[in-house]
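Undergrad: Sharing run00.cif below, mmCIF, C-alpha atoms and all ligand atoms:
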data_data
#
loop_
_atom_site.label_atom_id
_atom_site.label_comp_id
_atom_site.auth_asym_id
_atom_site.auth_seq_id
_atom_site.Cartn_x
_atom_site.Cartn_y
_atom_site.Cartn_z
CA MET E 2 26.53 -4.55 -7.75
CA SER E 3 27.78 -4.63 -4.19
CA TYR E 4 27.09 -2.57 -1.10
CA PRO E 5 27.69 0.34 -0.57
CA SER E 6 27.38 1.31 -4.24
CA ASN E 7 24.13 -0.65 -4.30
CA HIS E 8 22.68 1.41 -1.44
CA PRO E 9 24.85 4.30 -0.26
CA THR E 10 23.99 4.20 3.45
CA PRO E 11 22.14 1.75 5.65
CA HIS E 12 18.44 2.47 5.43
CA PRO E 13 16.89 4.64 8.20
CA ASP E 14 14.37 1.85 8.91
CA ASP E 15 17.09 -0.78 9.49
CA THR E 16 17.23 -0.51 13.28
CA ALA E 17 13.46 -0.78 13.71
CA ALA E 18 13.37 -3.64 11.19
CA GLY E 19 16.18 -5.47 13.03
CA ILE E 20 18.24 -5.43 9.82
CA GLU E 21 22.02 -5.29 10.19
CA VAL E 22 24.11 -5.18 7.02
CA THR E 23 27.91 -5.13 6.96
CA ALA E 24 30.50 -3.88 4.49
CA GLU E 25 30.52 -7.40 2.96
CA PHE E 26 26.91 -7.02 1.83
CA GLU E 27 26.14 -8.31 -1.65
CA ARG E 28 22.78 -8.64 -3.28
CA PHE E 29 21.64 -12.25 -3.58
CA THR E 30 22.18 -14.10 -6.83
CA GLN E 31 19.08 -16.21 -7.37
CA ARG E 32 21.07 -18.95 -9.09
CA ASN E 33 22.37 -19.80 -5.61
CA ASP E 34 19.02 -20.49 -4.01
CA MET E 35 18.59 -24.11 -3.02
CA PHE E 36 15.73 -24.84 -5.42
CA THR E 37 17.77 -23.54 -8.33
CA ARG E 38 20.98 -25.25 -7.21
CA ALA E 39 19.06 -28.53 -7.23
CA PHE E 40 19.10 -28.22 -11.05
CA TRP E 41 22.73 -27.25 -11.70
CA ASP E 42 24.86 -27.99 -8.63
CA ASP E 43 26.09 -31.59 -8.60
CA ARG E 44 26.61 -31.33 -4.85
CA ILE E 45 22.88 -30.87 -4.42
CA ARG E 46 21.30 -32.69 -7.35
CA SER E 47 20.55 -36.37 -6.73
CA LYS E 48 18.00 -39.05 -7.54
CA GLN E 49 16.13 -37.91 -4.43
CA THR E 50 15.95 -34.24 -5.48
CA ASP E 51 14.79 -35.28 -8.96
CA GLN E 52 12.16 -37.50 -7.31
CA PHE E 53 11.06 -34.53 -5.13
CA PHE E 54 10.30 -32.36 -8.17
CA ALA E 55 8.80 -35.29 -10.11
CA SER E 56 6.41 -36.10 -7.26
CA TYR E 57 4.39 -33.01 -8.20
CA ARG E 58 3.11 -35.21 -11.09
CA MET E 59 0.90 -38.03 -9.86
CA GLU E 60 2.60 -40.79 -11.86
CA ALA E 61 5.81 -40.10 -9.91
CA ALA E 62 4.30 -39.47 -6.47
CA PRO E 63 5.45 -42.16 -4.00
CA ARG E 64 3.11 -43.93 -1.54
CA ARG E 65 4.20 -44.23 2.06
CA GLY E 66 1.18 -44.50 4.34
CA ASP E 67 -0.73 -41.92 6.36
CA GLY E 68 -0.09 -38.43 4.97
CA PHE E 69 1.59 -39.80 1.84
CA THR E 70 -1.28 -41.72 0.22
CA GLN E 71 -2.60 -41.12 -3.28
CA ARG E 72 -5.27 -38.72 -2.03
CA ASP E 73 -2.69 -36.75 0.03
CA PHE E 74 -0.52 -36.21 -3.05
CA ALA E 75 -3.65 -35.66 -5.15
CA LEU E 76 -4.75 -32.78 -2.92
CA ARG E 77 -1.27 -31.28 -2.66
CA ASN E 78 -0.66 -31.39 -6.40
CA ALA E 79 -4.14 -30.02 -7.18
CA SER E 80 -3.49 -27.15 -4.75
CA TRP E 81 -0.49 -26.07 -6.79
CA LEU E 82 -2.39 -26.14 -10.10
CA VAL E 83 -3.05 -22.42 -10.66
CA SER E 84 0.48 -21.48 -9.61
CA ASP E 85 1.83 -24.19 -11.96
CA ILE E 86 -0.17 -22.86 -14.91
CA ILE E 87 1.29 -19.38 -14.37
CA SER E 88 4.84 -20.55 -13.77
CA ASN E 89 4.85 -22.87 -16.80
CA ARG E 90 3.55 -20.41 -19.37
CA GLY E 91 6.97 -18.74 -19.88
CA ASN E 92 8.95 -21.99 -20.14
CA ASP E 93 9.95 -21.45 -23.77
CA ALA E 94 11.55 -18.12 -22.85
CA GLY E 95 13.31 -19.57 -19.78
CA LYS E 96 11.00 -17.60 -17.50
CA ARG E 97 9.45 -19.64 -14.72
CA GLU E 98 7.01 -16.91 -13.73
CA GLY E 99 6.52 -16.28 -10.04
CA PHE E 100 9.66 -18.22 -9.15
CA GLN E 101 12.59 -17.43 -11.48
CA ALA E 102 11.03 -14.50 -13.34
CA ALA E 103 8.45 -11.86 -12.50
CA ILE E 104 4.88 -12.63 -13.59
CA ALA E 105 4.39 -11.31 -17.13
CA ASN E 106 1.87 -8.49 -17.55
CA ASP E 107 -1.46 -9.48 -19.03
CA THR E 108 -2.77 -5.91 -18.94
CA PRO E 109 -1.20 -2.85 -20.63
CA VAL E 110 -0.63 0.33 -18.60
CA ALA E 111 -3.69 2.49 -19.35
CA PRO E 112 -2.82 5.55 -21.48
CA MET E 113 -4.88 7.86 -19.21
CA GLN E 114 -3.35 8.19 -15.73
CA GLN E 115 -5.66 8.59 -12.72
CA PRO E 116 -4.21 11.55 -10.74
CA VAL E 117 -3.17 10.74 -7.14
CA ASP E 118 -3.45 13.85 -4.93
CA ASP E 119 -3.26 11.97 -1.64
CA PRO E 120 -0.77 9.02 -1.54
CA ALA E 121 -1.96 8.09 1.99
CA ARG E 122 -5.51 7.70 0.76
CA MET E 123 -4.31 5.72 -2.25
CA ALA E 124 -2.31 3.43 0.09
CA SER E 125 -5.50 2.72 2.09
CA GLU E 126 -7.38 2.05 -1.12
CA ILE E 127 -4.72 -0.40 -2.33
CA LYS E 128 -4.90 -2.29 0.98
CA ARG E 129 -8.68 -2.46 0.64
CA ILE E 130 -8.43 -3.76 -2.91
CA ALA E 131 -5.78 -6.30 -1.86
CA ARG E 132 -8.24 -7.65 0.70
CA PHE E 133 -11.03 -7.56 -1.87
CA PHE E 134 -8.98 -9.85 -4.12
CA GLY E 135 -8.26 -12.20 -1.20
CA ALA E 136 -5.04 -11.12 0.55
CA ASP E 137 -5.10 -11.60 4.33
CA LEU E 138 -2.52 -8.88 5.07
CA CYS E 139 -1.14 -5.94 3.11
CA GLY E 140 1.61 -3.41 3.86
CA ILE E 141 3.61 -1.02 1.69
CA THR E 142 7.29 -0.13 1.79
CA ASP E 143 9.85 1.72 -0.31
CA MET E 144 11.81 0.24 -3.19
CA ASP E 145 14.91 -0.70 -1.17
CA ASP E 146 17.06 -2.20 -3.93
CA ARG E 147 19.33 -4.13 -1.54
CA TRP E 148 16.75 -6.92 -1.51
CA LEU E 149 16.42 -7.26 -5.28
CA TYR E 150 18.25 -10.27 -6.74
CA ALA E 151 21.52 -9.33 -8.44
CA SER E 152 20.28 -11.51 -11.31
CA ARG E 153 17.48 -13.98 -12.00
CA VAL E 154 17.75 -17.42 -13.62
CA ASP E 155 17.12 -18.43 -17.23
CA THR E 156 15.52 -21.83 -16.66
CA ARG E 157 16.48 -23.12 -20.11
CA ASP E 158 20.09 -23.58 -18.98
CA MET E 159 20.04 -22.24 -15.38
CA SER E 160 22.33 -19.36 -16.35
CA GLU E 161 22.14 -15.86 -14.86
CA ALA E 162 19.80 -13.42 -16.61
CA PRO E 163 19.02 -9.75 -15.88
CA ASN E 164 16.18 -8.90 -13.53
CA ASP E 165 14.01 -7.07 -16.03
CA LEU E 166 12.06 -4.83 -13.67
CA PRO E 167 10.91 -1.51 -15.23
CA GLN E 168 12.89 1.58 -14.15
CA GLY E 169 11.37 4.09 -11.73
CA MET E 170 9.53 1.77 -9.35
CA THR E 171 9.07 3.52 -5.99
CA SER E 172 7.06 1.15 -3.79
CA VAL E 173 6.70 -2.50 -2.91
CA ILE E 174 3.22 -3.68 -1.91
CA VAL E 175 3.58 -6.80 0.25
CA MET E 176 0.70 -9.19 0.83
CA GLY E 177 0.32 -12.05 3.32
CA HIS E 178 -1.67 -15.21 2.58
CA GLN E 179 -2.73 -17.34 5.53
CA MET E 180 -2.02 -21.08 5.38
CA GLU E 181 -4.71 -23.47 6.64
CA GLU E 182 -4.07 -24.13 10.33
CA ASN E 183 -5.29 -27.74 10.44
CA LEU E 184 -3.19 -28.74 7.44
CA VAL E 185 -0.07 -27.09 8.87
CA ALA E 186 -0.68 -29.16 12.02
CA THR E 187 0.02 -32.32 9.96
CA TYR E 188 3.57 -31.39 8.88
CA PRO E 189 5.54 -33.40 7.87
CA SER E 190 3.24 -34.93 5.24
CA ALA E 191 2.39 -34.55 1.58
CA LEU E 192 -1.09 -33.55 2.78
CA ALA E 193 0.36 -30.54 4.63
CA GLY E 194 1.98 -29.45 1.37
CA ALA E 195 -1.56 -28.61 0.20
CA ALA E 196 -1.44 -25.64 2.64
CA THR E 197 1.61 -24.34 0.77
CA GLY E 198 0.31 -25.05 -2.73
CA ARG E 199 -3.10 -23.51 -2.07
CA GLU E 200 -1.52 -20.22 -0.99
CA TYR E 201 0.85 -20.11 -3.98
CA SER E 202 -2.18 -20.56 -6.23
CA HIS E 203 -4.10 -17.90 -4.26
CA GLU E 204 -1.23 -15.43 -4.28
CA ALA E 205 -0.65 -15.86 -8.02
CA ALA E 206 -4.24 -14.77 -8.64
CA VAL E 207 -4.16 -11.93 -6.09
CA VAL E 208 -0.90 -10.34 -7.30
CA MET E 209 -1.98 -10.56 -10.93
CA GLN E 210 -5.36 -8.97 -10.21
CA LEU E 211 -4.00 -6.17 -8.01
CA ALA E 212 -1.21 -5.43 -10.52
CA ALA E 213 -3.83 -5.29 -13.30
CA TYR E 214 -5.90 -2.82 -11.23
CA ILE E 215 -2.88 -0.52 -10.82
CA ARG E 216 -2.00 -0.81 -14.51
CA ASN E 217 -5.60 0.08 -15.36
CA LEU E 218 -5.08 3.29 -13.33
CA GLY E 219 -2.18 4.18 -15.63
CA TYR E 220 0.81 3.16 -13.47
CA GLU E 221 3.48 0.46 -13.75
CA ALA E 222 2.98 -2.62 -11.60
CA THR E 223 4.91 -5.89 -11.68
CA ALA E 224 3.39 -8.93 -9.95
CA SER E 225 5.89 -11.07 -8.06
CA MET E 226 5.95 -14.18 -5.87
CA ASN E 227 9.39 -15.68 -5.03
CA ASP E 228 11.03 -14.05 -8.07
CA THR E 229 12.89 -10.74 -8.47
CA GLY E 230 13.74 -10.10 -4.82
CA LEU E 231 13.65 -11.40 -1.26
CA VAL E 232 10.18 -10.82 0.12
CA ILE E 233 11.04 -11.23 3.82
CA PRO E 234 12.88 -7.89 4.29
CA TYR E 235 10.13 -6.09 2.37
CA ALA E 236 7.44 -7.70 4.59
CA ILE E 237 9.30 -6.61 7.74
CA LYS E 238 9.87 -3.07 6.43
CA ALA E 239 6.17 -2.88 5.52
CA GLY E 240 5.33 -3.49 9.19
CA LEU E 241 3.70 -6.89 8.68
CA GLY E 242 5.84 -8.79 11.18
CA GLU E 243 9.26 -9.58 12.63
CA TYR E 244 12.03 -11.94 11.62
CA ALA E 245 12.38 -15.11 13.69
CA ARG E 246 14.80 -17.97 14.32
CA ASN E 247 12.84 -20.28 11.99
CA GLN E 248 13.63 -17.81 9.16
CA MET E 249 10.00 -16.79 8.91
CA VAL E 250 8.16 -13.52 9.49
CA ILE E 251 6.02 -13.71 12.63
CA THR E 252 2.86 -11.64 12.32
CA PRO E 253 0.43 -10.63 15.11
CA GLU E 254 -2.47 -12.08 13.08
CA PHE E 255 -1.25 -15.55 12.06
CA GLY E 256 2.18 -15.95 13.66
CA PRO E 257 4.49 -17.58 11.06
CA ARG E 258 1.64 -19.41 9.30
CA LEU E 259 1.50 -17.52 6.02
CA ARG E 260 3.20 -16.88 2.70
CA PHE E 261 4.04 -13.50 1.18
CA SER E 262 3.77 -12.03 -2.30
CA LYS E 263 4.64 -8.57 -3.64
CA ILE E 264 4.04 -5.98 -6.33
CA PHE E 265 6.60 -3.42 -7.52
CA THR E 266 4.95 -0.17 -8.62
CA ASN E 267 5.38 3.54 -9.32
CA LEU E 268 1.86 4.37 -8.09
CA PRO E 269 2.25 7.22 -5.53
CA LEU E 270 1.77 5.60 -2.10
CA THR E 271 2.77 6.40 1.48
CA HIS E 272 4.90 3.77 3.15
CA ASP E 273 4.41 1.81 6.35
CA THR E 274 7.22 1.44 8.86
CA PRO E 275 8.61 -1.63 10.67
CA LYS E 276 6.81 -2.50 13.92
CA PRO E 277 9.10 -4.24 16.41
CA ARG E 278 6.86 -5.85 19.02
CA GLY E 279 9.21 -8.21 20.85
CA VAL E 280 9.49 -11.38 18.73
CA ARG E 281 13.30 -11.10 18.66
CA ALA E 282 13.43 -11.16 22.48
CA PHE E 283 11.13 -14.22 22.51
CA CYS E 284 13.26 -16.11 19.97
CA ASP E 285 16.30 -15.33 22.15
CA ILE E 286 14.83 -17.52 24.91
CA CYS E 287 13.14 -20.14 22.68
CA THR E 288 14.62 -22.88 20.50
CA LYS E 289 11.49 -24.96 19.82
CA CYS E 290 11.95 -24.77 16.04
CA ALA E 291 15.66 -25.62 16.15
CA ASP E 292 15.00 -28.47 18.60
CA ALA E 293 12.21 -29.92 16.46
CA CYS E 294 14.03 -29.79 13.13
CA PRO E 295 14.71 -33.43 12.23
CA VAL E 296 18.01 -32.63 10.49
CA LYS E 297 19.14 -29.83 12.84
CA ALA E 298 19.18 -27.28 10.03
CA LEU E 299 18.18 -24.29 12.20
CA PRO E 300 20.64 -22.27 14.30
CA PHE E 301 20.89 -22.04 18.07
CA GLY E 302 22.35 -18.91 19.67
CA PRO E 303 22.20 -15.33 18.40
CA PRO E 304 21.96 -14.21 14.74
CA LYS E 305 25.21 -14.45 12.74
CA ILE E 306 26.71 -13.48 9.39
CA SER E 307 26.36 -16.65 7.30
CA THR E 308 28.92 -17.89 4.79
CA ASP E 309 26.48 -20.42 3.28
CA VAL E 310 26.40 -20.07 -0.52
CA SER E 311 22.59 -20.12 -0.44
CA ALA E 312 22.41 -17.23 2.07
CA ILE E 313 22.64 -13.51 1.35
CA LYS E 314 26.11 -12.15 2.15
CA GLY E 315 26.79 -9.50 4.80
CA VAL E 316 23.47 -9.62 6.69
CA ARG E 317 23.42 -10.62 10.36
CA LYS E 318 20.45 -12.92 10.88
CA TRP E 319 19.35 -16.41 11.79
CA THR E 320 20.11 -18.57 8.75
CA SER E 321 19.30 -22.23 8.16
CA ASP E 322 21.60 -24.85 6.68
CA ALA E 323 19.69 -24.94 3.39
CA GLU E 324 21.41 -28.13 2.19
CA LYS E 325 20.31 -30.09 5.26
CA CYS E 326 16.79 -28.62 5.09
CA PHE E 327 16.24 -29.30 1.40
CA GLY E 328 17.80 -32.76 1.81
CA PHE E 329 14.98 -33.59 4.21
CA TRP E 330 12.35 -32.25 1.79
CA ALA E 331 13.84 -34.41 -0.98
CA LYS E 332 13.81 -37.50 1.23
CA MET E 333 10.11 -36.95 2.00
CA SER E 334 9.14 -35.93 -1.55
CA SER E 335 7.32 -32.96 -0.03
CA ASP E 336 7.95 -29.63 1.65
CA CYS E 337 8.51 -29.46 5.39
CA ALA E 338 7.42 -26.81 7.85
CA ILE E 339 7.80 -28.56 11.19
CA CYS E 340 9.53 -25.35 12.32
CA MET E 341 6.33 -23.43 11.52
CA ARG E 342 4.07 -26.02 13.16
CA VAL E 343 5.89 -26.08 16.51
CA CYS E 344 6.41 -22.31 16.82
CA PRO E 345 4.54 -20.95 19.87
CA PHE E 346 3.29 -18.07 17.68
CA ASN E 347 1.51 -20.55 15.37
CA ARG E 348 -1.95 -19.79 16.78
CA ASP E 349 -5.30 -18.42 15.74
CA PHE E 350 -5.05 -14.89 17.14
CA SER E 351 -8.74 -14.18 16.54
CA LYS E 352 -9.35 -16.21 19.77
CA TRP E 353 -9.17 -14.22 23.03
CA GLN E 354 -7.03 -16.86 24.79
CA ASN E 355 -4.37 -16.57 22.08
CA LYS E 356 -4.58 -12.78 22.09
CA ALA E 357 -3.94 -12.88 25.84
CA TRP E 358 -1.01 -15.29 25.32
CA LEU E 359 0.46 -12.93 22.69
CA LYS E 360 0.40 -10.02 25.14
CA ILE E 361 2.33 -12.09 27.66
CA ALA E 362 4.77 -13.41 25.01
CA LEU E 363 5.67 -9.90 23.87
CA SER E 364 6.12 -8.61 27.42
CA PRO E 365 8.92 -9.16 29.96
CA LEU E 366 6.87 -12.23 31.06
CA ARG E 367 7.92 -14.08 27.89
CA HIS E 368 9.40 -16.99 29.94
CA LEU E 369 5.92 -17.59 31.33
CA ALA E 370 4.45 -17.58 27.80
CA LEU E 371 7.06 -20.12 26.69
CA TRP E 372 6.21 -22.34 29.67
CA MET E 373 2.47 -22.04 28.88
CA ASP E 374 3.24 -23.28 25.37
CA ARG E 375 5.20 -26.38 26.47
CA LYS E 376 2.52 -28.93 25.52
CA ARG E 377 1.47 -27.37 22.19
CA GLY E 378 2.78 -27.91 18.65
CA GLY E 379 2.45 -31.71 18.37
CA ARG E 380 1.77 -33.28 14.97
CA LYS E 381 -1.86 -34.09 14.14
CA LYS E 382 -2.51 -37.27 12.16
CA PRO E 383 -3.18 -36.58 8.46
CA GLY E 384 -5.98 -39.21 8.55
CA ASP E 385 -7.74 -37.11 11.20
CA TRP E 386 -7.69 -34.09 8.85
CA TRP E 387 -9.55 -36.16 6.27
CA ALA E 388 -12.07 -37.25 8.90
CA ARG E 389 -13.00 -33.63 9.74
CA ASP E 390 -15.63 -31.58 7.97
CA ILE E 391 -13.73 -29.54 5.41
S1 LIG E 401 11.57 -26.88 7.04
FE1 LIG E 401 11.85 -28.79 8.20
S2 LIG E 401 13.92 -29.46 7.66
FE2 LIG E 401 13.77 -27.30 7.08
S3 LIG E 401 14.50 -26.12 8.84
FE3 LIG E 401 12.27 -26.32 9.09
S4 LIG E 401 11.99 -28.17 10.34
FE4 LIG E 401 14.09 -28.22 9.54
S1 LIG E 402 9.87 -21.69 17.65
FE1 LIG E 402 10.60 -20.22 19.16
S2 LIG E 402 12.67 -19.69 18.45
FE2 LIG E 402 11.61 -20.66 16.74
S3 LIG E 402 10.74 -18.97 15.58
FE3 LIG E 402 9.14 -19.66 16.96
S4 LIG E 402 9.37 -18.37 18.79
FE4 LIG E 402 11.25 -18.14 17.59
#
Starting from the file, give its structure as structure tokens.
TA:
Amino acid sequence: MSYPSNHPTPHPDDTAAGIEVTAEFERFTQRNDMFTRAFWDDRIRSKQTDQFFASYRMEAAPRRGDGFTQRDFALRNASWLVSDIISNRGNDAGKREGFQAAIANDTPVAPMQQPVDDPARMASEIKRIARFFGADLCGITDMDDRWLYASRVDTRDMSEAPNDLPQGMTSVIVMGHQMEENLVATYPSALAGAATGREYSHEAAVVMQLAAYIRNLGYEATASMNDTGLVIPYAIKAGLGEYARNQMVITPEFGPRLRFSKIFTNLPLTHDTPKPRGVRAFCDICTKCADACPVKALPFGPPKISTDVSAIKGVRKWTSDAEKCFGFWAKMSSDCAICMRVCPFNRDFSKWQNKAWLKIALSPLRHLALWMDRKRGGRKKPGDWWARDI
């Protein structure tokens, strides 16, 4: 389905969210994402990409010195374990849950429905329960179907399959999961990949538990990680943060240092709104992420409409060269987030100094904030992470 039949008019929140769609808009076909193309597109698939995926089993993990030793891969691969168990359980049906298919429901929708008289109160309760289960951030937005994948992927043959989301969903609950700051500081390394894997494992548990709670109240809820739709526009619309040059959502709590998960539901809930604070203006004067990228995969200059096959069509935004980026991951046999590590917003905002810096960064004094950041963002040695008290 293509825009505008997909969504008759641009959404009223688009301006505040910094979202600009054009008449060429088309929903994204998940088969075209880089991780899926690595299985069917001969232009992407190589011995190195096969080695990348294989390295998540210890017998195939390479050894390359500090940050890529057996214990670095051991920690990274262990961090992914819970996520792997969930994603592998639907293999026979071609459903890689959490990645190329929504997470299957383990709990039926209760036959008795708890009445909801006050959707605002229910929204607060859901945010409280999200935190109770371990989410670091939670926001709620409407079911804007532009960001749903046009189709998902059947992993048995990498063909297109329908996105089997129940009809009548009205809200998307978006949760943020903070990545460990000291591990992120060691990117690029296999050790740093433990920060990614740990949050995928955390988020798998959190979305499943929160979805089960909603289903126990008598409402539909589908737990989702990278599957079913693009989480970034939902996170921005839910007021959690703003889109940045490094293709991440920058939040006032953790900067770009987090992952997002989501739940689709028909539980009556009020919706949050986007909160533009000034990140776009900061990225306009900063290119630290693009400068630091070892393969120059990030864009300089203003946001553009991308023609990259792995990018959504008809949306003006900063878009990476996904082939160059994933090529670097494959070469390292691990994920990379140098562009997260070096970002000036990658700080612990519970500290007063960083809160003060944030105020300056989001004000017309942003050039001063960028100058203040000039010596930060260097890589920490993975061996030093092991030497710390965990
Ligand atoms: S993840 Fe690494 S390779 Fe990819 S854009 Fe960021 S810095 Fe570049
Ligand atoms: S490094 Fe600079 S340009 Fe890149 S996302 Fe962070 S603030 Fe924006």
Undergrad: Kindly provide the residues of stretch 280-330 of chain E that approach stretch 16-29 of chain E to within 12 Å, each paired with its closest atom pair and their distance in Å to one decimal, based on only C-alpha atoms, listed by chain and increasing number, as JSON lines.
TA:
{"residue": "E:Val280", "atom": "CA", "partner": "E:Gly19", "partner_atom": "CA", "distance": 10.6}
{"residue": "E:Arg281", "atom": "CA", "partner": "E:Gly19", "partner_atom": "CA", "distance": 8.5}
{"residue": "E:Ala282", "atom": "CA", "partner": "E:Gly19", "partner_atom": "CA", "distance": 11.4}
{"residue": "E:Pro304", "atom": "CA", "partner": "E:Glu21", "partner_atom": "CA", "distance": 10.0}
{"residue": "E:Lys305", "atom": "CA", "partner": "E:Glu21", "partner_atom": "CA", "distance": 10.0}
{"residue": "E:Ile306", "atom": "CA", "partner": "E:Thr23", "partner_atom": "CA", "distance": 8.8}
{"residue": "E:Ser307", "atom": "CA", "partner": "E:Glu25", "partner_atom": "CA", "distance": 11.0}
{"residue": "E:Thr308", "atom": "CA", "partner": "E:Glu25", "partner_atom": "CA", "distance": 10.8}
{"residue": "E:Asp309", "atom": "CA", "partner": "E:Phe29", "partner_atom": "CA", "distance": 11.7}
{"residue": "E:Val310", "atom": "CA", "partner": "E:Phe29", "partner_atom": "CA", "distance": 9.7}
{"residue": "E:Ser311", "atom": "CA", "partner": "E:Phe29", "partner_atom": "CA", "distance": 8.5}
{"residue": "E:Ala312", "atom": "CA", "partner": "E:Phe29", "partner_atom": "CA", "distance": 7.6}
{"residue": "E:Ile313", "atom": "CA", "partner": "E:Phe29", "partner_atom": "CA", "distance": 5.2}
{"residue": "E:Lys314", "atom": "CA", "partner": "E:Phe26", "partner_atom": "CA", "distance": 5.2}
{"residue": "E:Gly315", "atom": "CA", "partner": "E:Phe26", "partner_atom": "CA", "distance": 3.9}
{"residue": "E:Val316", "atom": "CA", "partner": "E:Val22", "partner_atom": "CA", "distance": 4.5}
{"residue": "E:Arg317", "atom": "CA", "partner": "E:Glu21", "partner_atom": "CA", "distance": 5.5}
{"residue": "E:Lys318", "atom": "CA", "partner": "E:Glu21", "partner_atom": "CA", "distance": 7.8}
{"residue": "E:Trp319", "atom": "CA", "partner": "E:Ile20", "partner_atom": "CA", "distance": 11.2}
Undergrad: Show me which residues line ligand LIG 402 (chain E), defined as having an atom within 10 Å of a ligand atom where all atoms listed in the file count, and present them as a ChimeraX atom specification.
TA: /E:243-251,256-257,280-293,299-302,319,339-347,362,371,378
Undergrad: Can you check which parts of chain E lie within 6 Å of ligand LIG 401 (chain E)? Per residue, the shortest pair of atoms and distance in Å to one decimal, counting only C-alpha atoms and all ligand atoms, sorted by chain and number, as a Markdown table.
TA:
| residue | atom | partner | partner_atom | distance |
| --- | --- | --- | --- | --- |
| E:Cys294 | CA | E:LIG401 | S4 | 3.8 |
| E:Pro295 | CA | E:LIG401 | FE4 | 5.9 |
| E:Val296 | CA | E:LIG401 | S2 | 5.9 |
| E:Ala298 | CA | E:LIG401 | S3 | 5.0 |
| E:Leu299 | CA | E:LIG401 | S3 | 5.3 |
| E:Cys326 | CA | E:LIG401 | FE2 | 3.9 |
| E:Phe329 | CA | E:LIG401 | S2 | 5.5 |
| E:Cys337 | CA | E:LIG401 | S1 | 4.3 |
| E:Ala338 | CA | E:LIG401 | S1 | 4.2 |
| E:Ile339 | CA | E:LIG401 | S4 | 4.3 |
| E:Cys340 | CA | E:LIG401 | S4 | 4.2 |
Undergrad: Check the smallest atom-to-atom distance from each of E:Ala61, E:Ala111, E:Ala195, E:Val207 to E:Glu182 using all atoms listed in the file, then report the winner.
TA: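 Residue with the minimum atom-to-atom distance to E:Glu182: E:Ala195.
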Undergrad: E:Thr223, E:Asp228, E:Glu181, E:Pro275: which is nearest E:Pro13, counting all atoms listed in the file?
TA: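 Under the stated criterion, the closest residue is E:Pro275.
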Undergrad: Which one is closest to E:Asp42: E:Lys381, E:Ser351, E:Glu324, E:Ala196? Count only C-alpha atoms.
TA: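 When distances to E:Asp42 are compared using only C-alpha atoms, the smallest one comes from E:Glu324.
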Undergrad: Neighbours of E:Ala206 within 9 Å (only C-alpha atoms; same-chain residues fewer than 3 positions away dropped), as JSON, numbers by chain?
TA: {"E": [83, 84, 134, 135, 201, 202, 203, 209, 210, 211]}
Undergrad: Using all atoms listed in the file for the distances, tell me which of E:Asp158, E:Asp119, E:Asp336, E:Glu221 is nearest to E:Leu192.
TA: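 The closest residue to E:Leu192 is E:Asp336.
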